[in-house]
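Next comes target-v3.cif, with mmCIF, C-alpha atoms.
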data_final
loop_
_atom_site.group_PDB
_atom_site.id
_atom_site.type_symbol
_atom_site.label_atom_id
_atom_site.label_comp_id
_atom_site.auth_asym_id
_atom_site.auth_seq_id
_atom_site.Cartn_x
_atom_site.Cartn_y
_atom_site.Cartn_z
ATOM 1 C CA MET T 582 101.399 78.807 72.270
ATOM 2 C CA LEU T 583 103.975 79.608 74.946
ATOM 3 C CA ASN T 584 107.483 80.471 73.728
ATOM 4 C CA ILE T 585 110.335 79.011 75.752
ATOM 5 C CA ASN T 586 113.880 80.241 75.138
ATOM 6 C CA ILE T 587 116.895 78.617 76.706
ATOM 7 C CA ILE T 588 120.086 80.644 76.479
ATOM 8 C CA CYS T 589 123.214 78.726 77.376
ATOM 9 C CA LEU T 590 126.955 79.115 77.134
ATOM 10 C CA GLY T 591 129.183 76.456 75.629
ATOM 11 C CA LYS T 592 128.748 73.870 72.924
ATOM 12 C CA ILE T 593 127.465 70.366 73.545
ATOM 13 C CA LYS T 594 130.096 67.886 72.391
ATOM 14 C CA GLU T 595 128.808 64.630 73.863
ATOM 15 C CA ASP T 596 126.466 62.652 71.601
ATOM 16 C CA TYR T 597 124.444 61.259 74.516
ATOM 17 C CA LEU T 598 123.608 64.806 75.673
ATOM 18 C CA LYS T 599 122.748 65.891 72.121
ATOM 19 C CA MET T 600 120.384 62.906 71.869
ATOM 20 C CA ALA T 601 118.685 63.721 75.189
ATOM 21 C CA ILE T 602 118.294 67.383 74.212
ATOM 22 C CA ALA T 603 116.833 66.380 70.837
ATOM 23 C CA GLU T 604 114.404 63.939 72.474
ATOM 24 C CA TYR T 605 113.093 66.433 75.039
ATOM 25 C CA SER T 606 112.925 69.172 72.396
ATOM 26 C CA LYS T 607 110.740 66.881 70.298
ATOM 27 C CA ARG T 608 108.514 66.049 73.281
ATOM 28 C CA LEU T 609 108.165 69.725 74.210
ATOM 29 C CA SER T 610 107.078 70.719 70.697
ATOM 30 C CA LYS T 611 103.565 69.555 71.613
ATOM 31 C CA TYR T 612 103.377 72.134 74.421
ATOM 32 C CA CYS T 613 105.506 75.139 73.436
ATOM 33 C CA ASN T 614 107.691 76.783 70.828
ATOM 34 C CA LEU T 615 111.195 75.973 72.050
ATOM 35 C CA THR T 616 114.354 77.826 71.066
ATOM 36 C CA ILE T 617 117.773 76.874 72.391
ATOM 37 C CA THR T 618 120.404 79.545 71.853
ATOM 38 C CA GLU T 619 123.895 78.179 72.305
ATOM 39 C CA LEU T 620 126.497 80.916 72.793
ATOM 40 C CA SER T 621 130.237 80.415 72.759
ATOM 41 C CA ASP T 622 131.779 80.500 76.198
ATOM 42 C CA GLU T 623 135.025 82.275 76.979
ATOM 43 C CA LYS T 624 138.087 80.095 77.339
ATOM 44 C CA LEU T 625 139.575 79.954 80.819
ATOM 45 C CA PRO T 626 143.305 80.668 81.078
ATOM 46 C CA GLU T 627 145.651 78.365 83.022
ATOM 47 C CA LYS T 628 145.956 80.912 85.811
ATOM 48 C CA ILE T 629 142.845 82.713 86.934
ATOM 49 C CA ASN T 630 142.167 85.538 89.379
ATOM 50 C CA ASP T 631 139.218 87.708 90.380
ATOM 51 C CA SER T 632 139.956 90.275 87.671
ATOM 52 C CA ILE T 633 140.005 87.626 84.931
ATOM 53 C CA ILE T 634 136.831 86.027 86.304
ATOM 54 C CA LYS T 635 135.054 89.401 86.219
ATOM 55 C CA GLU T 636 136.258 90.082 82.657
ATOM 56 C CA ILE T 637 135.077 86.664 81.412
ATOM 57 C CA LYS T 638 131.683 86.968 83.109
ATOM 58 C CA ASN T 639 131.218 90.453 81.601
ATOM 59 C CA LYS T 640 131.973 89.204 78.080
ATOM 60 C CA GLU T 641 129.545 86.319 78.532
ATOM 61 C CA CYS T 642 126.945 88.703 80.004
ATOM 62 C CA ASN T 643 127.020 90.864 76.880
ATOM 63 C CA LYS T 644 126.435 87.826 74.652
ATOM 64 C CA ILE T 645 123.524 86.713 76.844
ATOM 65 C CA LYS T 646 121.896 90.171 76.968
ATOM 66 C CA ASN T 647 121.946 90.360 73.165
ATOM 67 C CA SER T 648 120.069 87.048 72.995
ATOM 68 C CA ILE T 649 117.226 87.804 75.417
ATOM 69 C CA LYS T 650 113.940 88.364 73.640
ATOM 70 C CA LYS T 651 112.114 91.590 74.508
ATOM 71 C CA ASP T 652 109.289 91.285 77.044
ATOM 72 C CA SER T 653 110.444 87.873 78.178
ATOM 73 C CA TYR T 654 110.015 86.586 81.726
ATOM 74 C CA ILE T 655 113.598 85.691 82.676
ATOM 75 C CA PHE T 656 114.709 82.845 84.913
ATOM 76 C CA ALA T 657 118.413 82.883 85.768
ATOM 77 C CA LEU T 658 119.684 79.534 86.967
ATOM 78 C CA ASP T 659 121.729 80.227 90.060
ATOM 79 C CA LEU T 660 122.776 78.105 93.039
ATOM 80 C CA ARG T 661 121.343 80.748 95.396
ATOM 81 C CA GLY T 662 117.998 80.857 93.612
ATOM 82 C CA LYS T 663 114.612 79.664 94.799
ATOM 83 C CA GLN T 664 113.951 75.948 94.664
ATOM 84 C CA TYR T 665 110.603 74.610 93.460
ATOM 85 C CA SER T 666 109.003 71.206 93.607
ATOM 86 C CA SER T 667 107.949 69.907 90.188
ATOM 87 C CA GLU T 668 104.322 70.774 90.983
ATOM 88 C CA GLU T 669 105.238 74.313 92.093
ATOM 89 C CA PHE T 670 107.369 74.793 88.980
ATOM 90 C CA SER T 671 104.473 73.666 86.778
ATOM 91 C CA LYS T 672 102.149 76.151 88.467
ATOM 92 C CA LYS T 673 104.742 78.924 88.122
ATOM 93 C CA ILE T 674 105.019 78.304 84.357
ATOM 94 C CA ASP T 675 101.203 78.369 84.083
ATOM 95 C CA ASP T 676 100.996 81.594 86.111
ATOM 96 C CA ILE T 677 103.584 83.345 83.946
ATOM 97 C CA ALA T 678 101.810 82.250 80.764
ATOM 98 C CA LEU T 679 98.468 83.529 82.097
ATOM 99 C CA ASN T 680 99.498 86.708 83.884
ATOM 100 C CA PHE T 681 102.662 88.042 82.315
ATOM 101 C CA ASN T 682 103.426 87.193 78.737
ATOM 102 C CA SER T 683 103.910 84.377 76.295
ATOM 103 C CA THR T 684 107.708 84.194 76.352
ATOM 104 C CA ILE T 685 109.865 82.678 79.082
ATOM 105 C CA THR T 686 113.663 82.681 78.954
ATOM 106 C CA PHE T 687 115.927 80.426 80.986
ATOM 107 C CA ILE T 688 119.573 81.466 81.260
ATOM 108 C CA ILE T 689 122.218 78.835 81.996
ATOM 109 C CA GLY T 690 125.621 80.368 82.648
ATOM 110 C CA GLY T 691 129.017 79.013 81.805
ATOM 111 C CA THR T 692 131.660 77.453 84.004
ATOM 112 C CA LEU T 693 131.978 80.584 86.161
ATOM 113 C CA GLY T 694 128.245 81.199 86.469
ATOM 114 C CA LEU T 695 126.365 84.416 85.741
ATOM 115 C CA ASN T 696 127.423 87.933 86.629
ATOM 116 C CA ASP T 697 125.361 90.253 88.813
ATOM 117 C CA GLU T 698 124.020 92.215 85.849
ATOM 118 C CA ILE T 699 122.272 89.135 84.428
ATOM 119 C CA LEU T 700 121.044 88.116 87.869
ATOM 120 C CA ASN T 701 119.653 91.623 88.427
ATOM 121 C CA ILE T 702 117.765 91.857 85.118
ATOM 122 C CA SER T 703 116.189 88.451 85.712
ATOM 123 C CA ASN T 704 112.652 88.279 87.029
ATOM 124 C CA GLU T 705 113.622 85.348 89.163
ATOM 125 C CA LYS T 706 116.639 83.301 90.188
ATOM 126 C CA ILE T 707 115.978 79.581 90.477
ATOM 127 C CA SER T 708 118.012 76.596 91.542
ATOM 128 C CA PHE T 709 117.269 72.973 90.762
ATOM 129 C CA SER T 710 119.590 71.734 93.496
ATOM 130 C CA LYS T 711 122.168 72.867 96.000
ATOM 131 C CA MET T 712 124.616 70.655 94.133
ATOM 132 C CA THR T 713 126.742 71.886 91.242
ATOM 133 C CA PHE T 714 126.293 70.197 87.852
ATOM 134 C CA PRO T 715 128.066 70.600 84.518
ATOM 135 C CA HIS T 716 126.262 73.340 82.583
ATOM 136 C CA GLN T 717 126.024 71.072 79.508
ATOM 137 C CA LEU T 718 124.152 68.413 81.492
ATOM 138 C CA PHE T 719 121.962 71.066 83.031
ATOM 139 C CA ARG T 720 120.308 71.754 79.681
ATOM 140 C CA VAL T 721 118.849 68.262 79.840
ATOM 141 C CA PHE T 722 117.617 68.910 83.393
ATOM 142 C CA VAL T 723 115.852 72.124 82.352
ATOM 143 C CA LEU T 724 114.214 70.461 79.345
ATOM 144 C CA GLU T 725 113.101 67.474 81.394
ATOM 145 C CA GLN T 726 111.606 69.665 84.126
ATOM 146 C CA LEU T 727 109.807 71.779 81.531
ATOM 147 C CA PHE T 728 108.373 68.627 79.961
ATOM 148 C CA ARG T 729 107.330 67.387 83.409
ATOM 149 C CA ALA T 730 105.759 70.786 84.188
ATOM 150 C CA PHE T 731 103.633 70.689 81.038
ATOM 151 C CA LYS T 732 102.555 67.098 81.735
ATOM 152 C CA ILE T 733 101.543 68.061 85.287
ATOM 153 C CA SER T 734 99.677 71.131 84.035
ATOM 154 C CA LYS T 735 97.736 69.077 81.483
ATOM 155 C CA GLY T 736 97.009 66.267 83.971
ATOM 156 C CA GLU T 737 98.829 63.777 81.747
ATOM 157 C CA THR T 738 100.635 60.740 83.071
ATOM 158 C CA TYR T 739 104.409 60.931 83.342
ATOM 159 C CA HIS T 740 105.002 62.556 86.677
ATOM 160 C CA TRP T 741 103.532 59.804 88.858
#

Kindly return the structure encoded in the file as structure tokens.
Amino acid sequence: MLNINIICLGKIKEDYLKMAIAEYSKRLSKYCNLTITELSDEKLPEKINDSIIKEIKNKECNKIKNSIKKDSYIFALDLRGKQYSSEEFSKKIDDIALNFNSTITFIIGGTLGLNDEILNISNEKISFSKMTFPHQLFRVFVLEQLFRAFKISKGETYHW
């Protein structure tokens, strides 16, 4: 069975998001082994500059790197990444599972995004939209699109 790892920064505080994450995690258990690794994000000071931004991103990068499973196909979620339709995303997941390996990691950055080191070690940068969303809400988006991708791949109703 395919292993899916989602590495994300910041804790989920809102109950409605926790419920959505739990529901999609339960639904996905039929299709994959899902692991969500929630890392603490760095607190932003009142006043911020480029040097502080770089320092925070580097600290978060080190936490993320330590959580990536060896031999994993890595998707970094980035506004400048490639955008897929749901059907294309489903096919991409299938192709990785067939041709690369059995572990896929999705990395969701914190408030400041991901640093270049994480983007460079990723196999692919993807974007779900040109819009910016709260990173906590984005976990639900990733889980929902993964669930949709598996349903499409299996020819099961949900997508239509």

Q: Please identify all polymer residues within 6 Å of range 586-598 of chain T, counting only C-alpha atoms, omitting same-chain residues fewer than 5 positions from it, and present them as a list of chain:residue names.
A: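 In the requested format, the answer is T:Leu615, T:Thr616, T:Ile617, T:Thr618, T:Glu619, T:Leu620, T:Ser621, T:Asp622, T:Thr686, T:Phe687, T:Ile688, T:Ile689, T:Gly690, T:Gly691.
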
Contacts between range 726-740 of chain T and range 628-697 of chain T, please, where a residue of range 628-697 of chain T counts if it comes within 9 Å (with only C-alpha atoms); show its shortest atom pair and distance in Å to one decimal, rows by chain and ascending number, as JSON lines.
{"residue": "T:Ser667", "atom": "CA", "partner": "T:Ala730", "partner_atom": "CA", "distance": 6.4}
{"residue": "T:Glu668", "atom": "CA", "partner": "T:Ile733", "partner_atom": "CA", "distance": 6.9}
{"residue": "T:Glu669", "atom": "CA", "partner": "T:Ala730", "partner_atom": "CA", "distance": 8.7}
{"residue": "T:Phe670", "atom": "CA", "partner": "T:Ala730", "partner_atom": "CA", "distance": 6.5}
{"residue": "T:Ser671", "atom": "CA", "partner": "T:Ala730", "partner_atom": "CA", "distance": 4.1}
{"residue": "T:Lys672", "atom": "CA", "partner": "T:Ser734", "partner_atom": "CA", "distance": 7.1}
{"residue": "T:Ile674", "atom": "CA", "partner": "T:Ala730", "partner_atom": "CA", "distance": 7.6}
{"residue": "T:Asp675", "atom": "CA", "partner": "T:Ser734", "partner_atom": "CA", "distance": 7.4}

So that I have them on file, write out the residues from the current selection with C-alpha atoms, as a compact mmCIF listing (two decimals), in the frame of the given file.
# COMPACT_ATOMS: atom_id res chain seq x y z
CA SER T 667 107.95 69.91 90.19
CA GLU T 668 104.32 70.77 90.98
CA GLU T 669 105.24 74.31 92.09
CA PHE T 670 107.37 74.79 88.98
CA SER T 671 104.47 73.67 86.78
CA LYS T 672 102.15 76.15 88.47
CA ILE T 674 105.02 78.30 84.36
CA ASP T 675 101.20 78.37 84.08

Q: Between T:Cys642, T:Leu724, T:Leu693, T:Ile707, single out the one closest to Lys624 in chain T, counting only C-alpha atoms.
A: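 The closest residue to Lys624 in chain T is T:Leu693.
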
Q: For Phe709 in chain T, work out the shell of residues within 9 Å, counting only C-alpha atoms and skipping chain neighbours fewer than 6 positions away, then give it as a list of chain:residue names.
A: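 Surrounding residues, per the criterion: T:Leu658, T:Asp659, T:Leu660, T:Gly662, T:Lys663, T:Gln664, T:Tyr665, T:Ser666, T:Phe722, T:Val723.
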
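Note that CA of Asn643 in chain T and CA of Asp697 in chain T are 12.1 Å apart.
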
Q.
What's the separation between CA of Ile634 in chain T and CA of Asn696 in chain T, in Å to one decimal place?
A. 9.6 Å

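Picked by the PyMOL selection byres ((chain T and resi 610) around 12) from the coordinates shown: Met582, Leu583, Asn584, Ile585, Ala603, Glu604, Tyr605, Ser606, Lys607, Arg608, Leu609, Lys611, Tyr612, Cys613, Asn614, Leu615, Thr616, Leu724, Leu727, Phe728 and Phe731 of chain T.
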
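For the set T:Ser708, T:Gln717, T:Thr684, T:Thr692, the residue with the smallest atom-to-atom gap to Ile655 in chain T is T:Thr684, counting only C-alpha atoms.
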
(Q) Please compute the CA of Glu725 in chain T-CA of Gly694 in chain T distance, one decimal, in Å. (A)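 For CA of Glu725 in chain T relative to CA of Gly694 in chain T, the distance reads 21.1 Å.
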
Would you fill the gaps in range 722-735 of chain T so it has N, CA and C atoms, then print it as a short mmCIF file (atom, residue, chain, number, x, y, z; two decimals), in the frame of the given file?
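out-v6.cif, written as the output of this step:
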data_model
loop_
_atom_site.label_atom_id
_atom_site.label_comp_id
_atom_site.auth_asym_id
_atom_site.auth_seq_id
_atom_site.Cartn_x
_atom_site.Cartn_y
_atom_site.Cartn_z
N PHE T 722 118.45 68.75 82.20
CA PHE T 722 117.62 68.91 83.39
C PHE T 722 116.51 69.93 83.16
N VAL T 723 116.85 71.07 82.59
CA VAL T 723 115.85 72.12 82.35
C VAL T 723 114.77 71.62 81.41
N LEU T 724 115.18 70.97 80.31
CA LEU T 724 114.21 70.46 79.34
C LEU T 724 113.31 69.41 79.97
N GLU T 725 113.90 68.52 80.75
CA GLU T 725 113.10 67.47 81.39
C GLU T 725 112.10 68.08 82.37
N GLN T 726 112.52 69.05 83.16
CA GLN T 726 111.61 69.67 84.13
C GLN T 726 110.52 70.47 83.44
N LEU T 727 110.84 71.09 82.30
CA LEU T 727 109.81 71.78 81.53
C LEU T 727 108.79 70.78 80.99
N PHE T 728 109.27 69.66 80.46
CA PHE T 728 108.37 68.63 79.96
C PHE T 728 107.48 68.11 81.09
N ARG T 729 108.09 67.85 82.24
CA ARG T 729 107.33 67.39 83.41
C ARG T 729 106.29 68.44 83.82
N ALA T 730 106.68 69.71 83.80
CA ALA T 730 105.76 70.79 84.19
C ALA T 730 104.54 70.82 83.27
N PHE T 731 104.76 70.68 81.98
CA PHE T 731 103.63 70.69 81.04
C PHE T 731 102.74 69.47 81.24
N LYS T 732 103.34 68.32 81.49
CA LYS T 732 102.56 67.10 81.74
C LYS T 732 101.70 67.26 83.00
N ILE T 733 102.29 67.82 84.05
CA ILE T 733 101.54 68.06 85.29
C ILE T 733 100.39 69.02 85.01
N SER T 734 100.68 70.11 84.33
CA SER T 734 99.68 71.13 84.04
C SER T 734 98.49 70.57 83.25
N LYS T 735 98.78 69.66 82.34
CA LYS T 735 97.74 69.08 81.48
C LYS T 735 97.09 67.85 82.12
#
